[in-house]
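For reference, the structure is listed below as structure tokens.
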Amino acid sequence: MIFLTLTHMSLLPAQLTDLYRRDRELLAATQLPIVTVAGTFRQDQDIVLSRAHFSMALGVANYIWGNKIDPQKAWIVDPTHYISQTQWSKLELTEEIAKIIIRHSFLHQIKTWIDQFGRSKLPILQSITPPLLYLTEHVEKPIFSFHIAAGNILAAQGKEVIQVVTDPQVREEYLQEVERPNIKFCVFDDATRLEFLELASIHHKKVRLDQIIVTGSPIDPRIIAARKHKLTWRSGPLRLCITTGGLGSNKEEMKKMLNQLLPLLNHKEPKYQVLVYAGTQKDIAEMVTQLAHQHSVTLSPASHQHASLRLLHHPHLLEANELLIKYGFPWAHGFITKPSADMAYDAVAAGCFLLTLQEWGVWEEKVRQVFEQKEISRRAEVDHIVEQLIVLQSARGKMSWIEHAMNHAFGIEKLFLLGSQKIVEAAHTT
């Protein structure tokens, strides 16, 4: 372990070495050590493997921090910050593979193959192991893991792990270390807990009933606070947030909808205001800029909250996520988004309705079903989005579907709002 650490550190840029040691010290001293894998903080070549892995971890940390970051209360580390340049190049390959696959629907079968057979051969596991072991070496408290690979590595090392299952669906990889006494799992709901127990039984894995804890999805308290100052839409411009995922998915769907919506934004009293979240994806930000020019629509700064069209984009995930929390969730009536576990659950927690784009896997189909059953969500009619919105805005009886859906979002069960609190409490659950 010592030789591995010294060899690994010698490959790091000099400016990172002090930060590396500092992160290690803070993680060992904090009351709530948190580990995630998202490529979040890398400043030279930011890789985004998933917004969920970062935003959910940050949500739990912010629940503990309150209004001020306090490393004694909680600290987050991401081992991708400290991988060597050689390993970083390999990790870039992982994201490039994912981008190519997720942006081309005909490669969906290849995605299934990777999920079933190739996941362990992608370089994430090999890349993050040395820095993860170094960062957590002196941690004695339970470690909250927001990435399946990190949780499995730490559990195998004998660390006490609280593994957050970041979708309402259970992958087989979660069973890898499940029989160890030093790992617990936090899941979204009772249905996911039952699925976990079923999958364990199918694979002949022994699971303690108290090992799988229903907590709900971790939501940043700043997002929940957004619902307190928001009114249900009844008239006036409908505020729409159209979002991509961490890998730039659904780009073509976004383009189709913007080509329909943008010509309407030049009206004297436009019926819509649009905010596009491009995340870290430069090509999507450029697409929005080009479409705005093509349709002669002014692209306003993010802070102009009454503007017809705005764009949120930053090359680094941390800053992109902060823009979304500051300008997206408090402002929007509705989100048009892929039904990912982070964006969909966050939007509903903020009191928004959902129109969902094409899913990328069973886990997102389950998210869509959850909110359709709650009467908060519908599939977006991408080729006819304006016609769909006209119908959804029209009163049918006492209220429109949009008002109805937002009312249901405002009335959502506490399970959908208290996940961060319940996850923290899981460390003390016996």
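Scheme for the structure tokens: letters A, B, ... for chains in order shown; per-chain residue numbers from 1; ligand numbers from 1 in order shown.
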Close residues, Arg180 of chain A itself excluded, 12 Å, only C-alpha atoms, min 4 positions apart in chain, as a CSV table (one decimal) with N, CA and C atoms, in the first residue's frame:
```csv
chain,number,residue,atom,x,y,z
A,151,GLY,N,-17.6,2.3,-3.7
A,151,GLY,CA,-18.1,1.6,-2.6
A,151,GLY,C,-17.6,0.1,-2.5
A,152,ASN,N,-17.5,-0.5,-3.6
A,152,ASN,CA,-17.1,-1.9,-3.7
A,152,ASN,C,-15.6,-2.0,-3.3
A,154,LEU,N,-13.9,0.1,-1.4
A,154,LEU,CA,-13.7,0.4,0.0
A,154,LEU,C,-14.2,-0.7,0.9
A,155,ALA,N,-15.4,-1.3,0.6
A,155,ALA,CA,-15.9,-2.4,1.4
A,155,ALA,C,-14.9,-3.6,1.4
A,156,ALA,N,-14.3,-3.9,0.2
A,156,ALA,CA,-13.4,-5.0,0.1
A,156,ALA,C,-12.1,-4.7,1.0
A,157,GLN,N,-11.8,-3.4,1.2
A,157,GLN,CA,-10.7,-3.1,2.1
A,157,GLN,C,-11.0,-3.1,3.6
A,158,GLY,N,-12.3,-3.4,3.9
A,158,GLY,CA,-12.7,-3.4,5.3
A,158,GLY,C,-13.3,-2.1,5.8
A,159,LYS,N,-13.4,-1.1,5.0
A,159,LYS,CA,-13.9,0.2,5.5
A,159,LYS,C,-15.4,0.0,5.7
A,160,GLU,N,-16.0,0.7,6.6
A,160,GLU,CA,-17.4,0.7,6.8
A,160,GLU,C,-18.0,1.7,5.8
A,161,VAL,N,-19.0,1.1,5.0
A,161,VAL,CA,-19.5,1.9,3.8
A,161,VAL,C,-21.0,2.0,3.9
A,174,TYR,N,-24.0,-4.0,-7.5
A,174,TYR,CA,-24.2,-3.7,-6.0
A,174,TYR,C,-24.1,-4.9,-5.2
A,175,LEU,N,-24.2,-6.1,-5.8
A,175,LEU,CA,-24.1,-7.3,-5.0
A,175,LEU,C,-22.7,-7.8,-4.8
A,176,GLN,N,-21.7,-7.2,-5.4
A,176,GLN,CA,-20.4,-7.7,-5.4
A,176,GLN,C,-19.8,-7.9,-3.9
A,184,LYS,N,-23.7,-1.1,4.1
A,184,LYS,CA,-25.2,-0.9,4.0
A,184,LYS,C,-25.5,-0.2,2.8
A,185,PHE,N,-26.8,-0.3,2.4
A,185,PHE,CA,-27.3,0.3,1.2
A,185,PHE,C,-28.5,1.2,1.4
A,205,LYS,N,-27.0,-14.6,-2.8
A,205,LYS,CA,-26.3,-13.7,-1.9
A,205,LYS,C,-27.1,-13.5,-0.6
A,206,LYS,N,-26.4,-13.6,0.5
A,206,LYS,CA,-27.1,-13.4,1.8
A,206,LYS,C,-27.1,-12.0,2.1
A,207,VAL,N,-28.3,-11.5,2.4
A,207,VAL,CA,-28.5,-10.0,2.7
A,207,VAL,C,-29.3,-9.9,4.0
A,208,ARG,N,-28.8,-9.1,4.9
A,208,ARG,CA,-29.6,-8.9,6.1
A,208,ARG,C,-30.7,-7.9,5.8
A,211,GLN,N,-29.9,-4.3,6.3
A,211,GLN,CA,-28.8,-3.8,5.5
A,211,GLN,C,-29.3,-2.9,4.4
```
- Determine, counting only C-alpha atoms, which protein, DNA and RNA residues have an atom within 6 Å of an atom of segment 23-40 of chain A; residues of the same chain fewer than 5 positions away are not included. Present the result as a list in words. Ile47, Val48, Leu49, Ser50, His53, Phe54, Gln72, Lys73, Ala74, Trp75, Ile76, Val77, Asp78, Thr80, Leu135, His138, Val139, Ile143, Phe144, Ser145, Phe146, His147 and Leu317 of chain A
- Which polymer residues have any atom within 12 Å of an atom of Ile219 of chain A, counting only C-alpha atoms, with same-chain residues fewer than 6 positions away left out, as a ChimeraX atom specification? /A:52-63,166,188,225-226,325,329,341-350,414-423
- Item | 10 Å contact set for segment 395-397 of chain A, only C-alpha atoms, chain neighbours under 6 positions out, as a PyMOL selection string | chain A and resi 234+403-404
Selection above as a file: C-alpha atoms, as an mmCIF file, in the first residue's frame:
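Listed below is the output, again17.cif:
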```cif
data_model
loop_
_atom_site.group_PDB
_atom_site.id
_atom_site.type_symbol
_atom_site.label_atom_id
_atom_site.label_comp_id
_atom_site.auth_asym_id
_atom_site.auth_seq_id
_atom_site.Cartn_x
_atom_site.Cartn_y
_atom_site.Cartn_z
ATOM 1 C CA ARG A 234 -52.034 29.550 -14.317
ATOM 2 C CA GLU A 403 -51.432 23.324 -12.903
ATOM 3 C CA HIS A 404 -52.584 19.854 -11.877
#
```
- Message: Give me, as number ranges by chain, all polymer residues having an atom no more than 10 Å from Asn407 of chain A, counting only C-alpha atoms and skipping those fewer than 6 positions away in the same chain.
- Response: A: 231-233, 351-353, 375-376, 401
- Task: Any chance you could list, as a PyMOL selection string, the residues in segment 286-412 of chain A that come up strand (DSSP E or B) when DSSP is run on the backbone?
- Result: chain A and resi 300+309-313+334-337+353-356+377-379+395-396+399-400
Would you mind exporting the chosen residues as a CSV table (one decimal), in the first residue's frame, restricted to C-alpha atoms?
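Produced file selection18.csv, reproduced below:
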```csv
chain,number,residue,atom,x,y,z
A,300,SER,CA,-29.5,36.7,-22.7
A,309,LEU,CA,-33.9,32.7,-23.9
A,310,ARG,CA,-31.0,31.9,-21.7
A,311,LEU,CA,-28.2,29.3,-21.7
A,312,LEU,CA,-26.5,27.6,-18.7
A,313,HIS,CA,-23.1,26.1,-19.6
A,334,GLY,CA,-41.4,22.7,-15.8
A,335,PHE,CA,-38.4,20.6,-17.0
A,336,ILE,CA,-38.1,18.9,-20.3
A,337,THR,CA,-35.5,16.3,-19.6
A,353,PHE,CA,-43.8,19.4,-13.8
A,354,LEU,CA,-41.9,17.0,-16.1
A,355,LEU,CA,-42.0,16.3,-19.8
A,356,THR,CA,-39.6,13.4,-20.4
A,377,SER,CA,-45.0,13.7,-15.7
A,378,ARG,CA,-45.8,12.9,-19.3
A,379,ARG,CA,-43.7,11.9,-22.3
A,395,ALA,CA,-58.0,24.2,-18.8
A,396,ARG,CA,-59.9,20.9,-18.8
A,399,MET,CA,-57.5,23.5,-14.2
A,400,SER,CA,-54.9,22.7,-16.8
```
- Message: What's around Ala320 of chain A at 7 Å? Count only C-alpha atoms, leave out sequence neighbours fewer than 4 positions away in its own chain, and write the answer as a PyMOL selection string.
- Response: chain A and resi 279-280+313-314+316+324
Write out the residues from the selection above, keeping N, CA and C atoms, as a PDB file, in the first residue's frame.
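Once everything was written out, this is result_3.pdb:
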```
ATOM      1  N   GLY A 279     -25.127  21.871 -19.466  1.00  0.00           N
ATOM      2  CA  GLY A 279     -24.157  21.219 -18.598  1.00  0.00           C
ATOM      3  C   GLY A 279     -22.739  21.593 -18.979  1.00  0.00           C
ATOM      4  N   THR A 280     -21.890  20.586 -19.150  1.00  0.00           N
ATOM      5  CA  THR A 280     -20.497  20.819 -19.529  1.00  0.00           C
ATOM      6  C   THR A 280     -20.276  20.620 -21.030  1.00  0.00           C
ATOM      7  N   HIS A 313     -24.180  26.986 -19.160  1.00  0.00           N
ATOM      8  CA  HIS A 313     -23.095  26.109 -19.596  1.00  0.00           C
ATOM      9  C   HIS A 313     -21.820  26.495 -18.877  1.00  0.00           C
ATOM     10  N   HIS A 314     -21.063  25.499 -18.464  1.00  0.00           N
ATOM     11  CA  HIS A 314     -19.737  25.735 -17.883  1.00  0.00           C
ATOM     12  C   HIS A 314     -18.907  24.487 -18.134  1.00  0.00           C
ATOM     13  N   HIS A 316     -16.866  22.999 -16.354  1.00  0.00           N
ATOM     14  CA  HIS A 316     -16.659  22.169 -15.173  1.00  0.00           C
ATOM     15  C   HIS A 316     -17.984  21.889 -14.478  1.00  0.00           C
ATOM     16  N   LEU A 324     -27.334  25.693 -12.421  1.00  0.00           N
ATOM     17  CA  LEU A 324     -28.659  25.079 -12.490  1.00  0.00           C
ATOM     18  C   LEU A 324     -29.427  25.291 -11.188  1.00  0.00           C
TER      19      LEU A 324
END
```
- Of the listed residues A:Lys268, A:Ile69, A:Ser308, A:Lys251, that which approaches Ala285 of chain A most closely, counting only C-alpha atoms: A:Lys251
- Between A:Pro330, A:Leu323, A:Glu172, A:Ser201, smallest distance to Ile148 of chain A by only C-alpha atoms belongs to A:Glu172
- Message: I'd like the neighbourhood of Lys256 of chain A as a PyMOL selection string, where a residue qualifies if any of its atoms comes within 12 Å (using only C-alpha atoms), though same-chain residues fewer than 3 positions away should be ignored.
- Response: chain A and resi 242+250-253+259-262+287-288+291+357+380-386
Residues of segment 171-255 of chain A within 12 Å of segment 367-370 of chain A: nearest atom pair and distance (Å, one decimal) for each, counting only C-alpha atoms, sorted by chain and number, as JSON lines?
```
{"residue": "A:Phe188", "atom": "CA", "partner": "A:Val367", "partner_atom": "CA", "distance": 10.5}
{"residue": "A:Asp189", "atom": "CA", "partner": "A:Val370", "partner_atom": "CA", "distance": 10.4}
{"residue": "A:Ala191", "atom": "CA", "partner": "A:Val370", "partner_atom": "CA", "distance": 10.5}
{"residue": "A:Thr192", "atom": "CA", "partner": "A:Val367", "partner_atom": "CA", "distance": 11.3}
{"residue": "A:Ser217", "atom": "CA", "partner": "A:Val367", "partner_atom": "CA", "distance": 11.3}
```
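Between atom CA of Glu137 of chain A and atom CA of Leu19 of chain A the interatomic distance comes to 15.8 Å.
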- For Gln294 of chain A, which residue out of A:Glu365, A:Pro263, A:Ala332, A:Pro131 is the nearest one, using only C-alpha atoms? A:Pro263
- Task: Within segment 114-256 of chain A, find each residue whose DSSP state, derived from the backbone, is alpha helix (DSSP H), and express the selection as a ChimeraX atom specification.
- Result: /A:124-136,148-156,190-202,221-226,251-256
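Taking atom CA of Ala426 of chain A and atom CA of Ile212 of chain A as the two end points, the separation is 9.7 Å.
Minimum distance to Leu258 of chain A across A:Thr243, A:Gln373, A:Gln305, A:Gln281 (counting only C-alpha atoms) occurs at A:Thr243.
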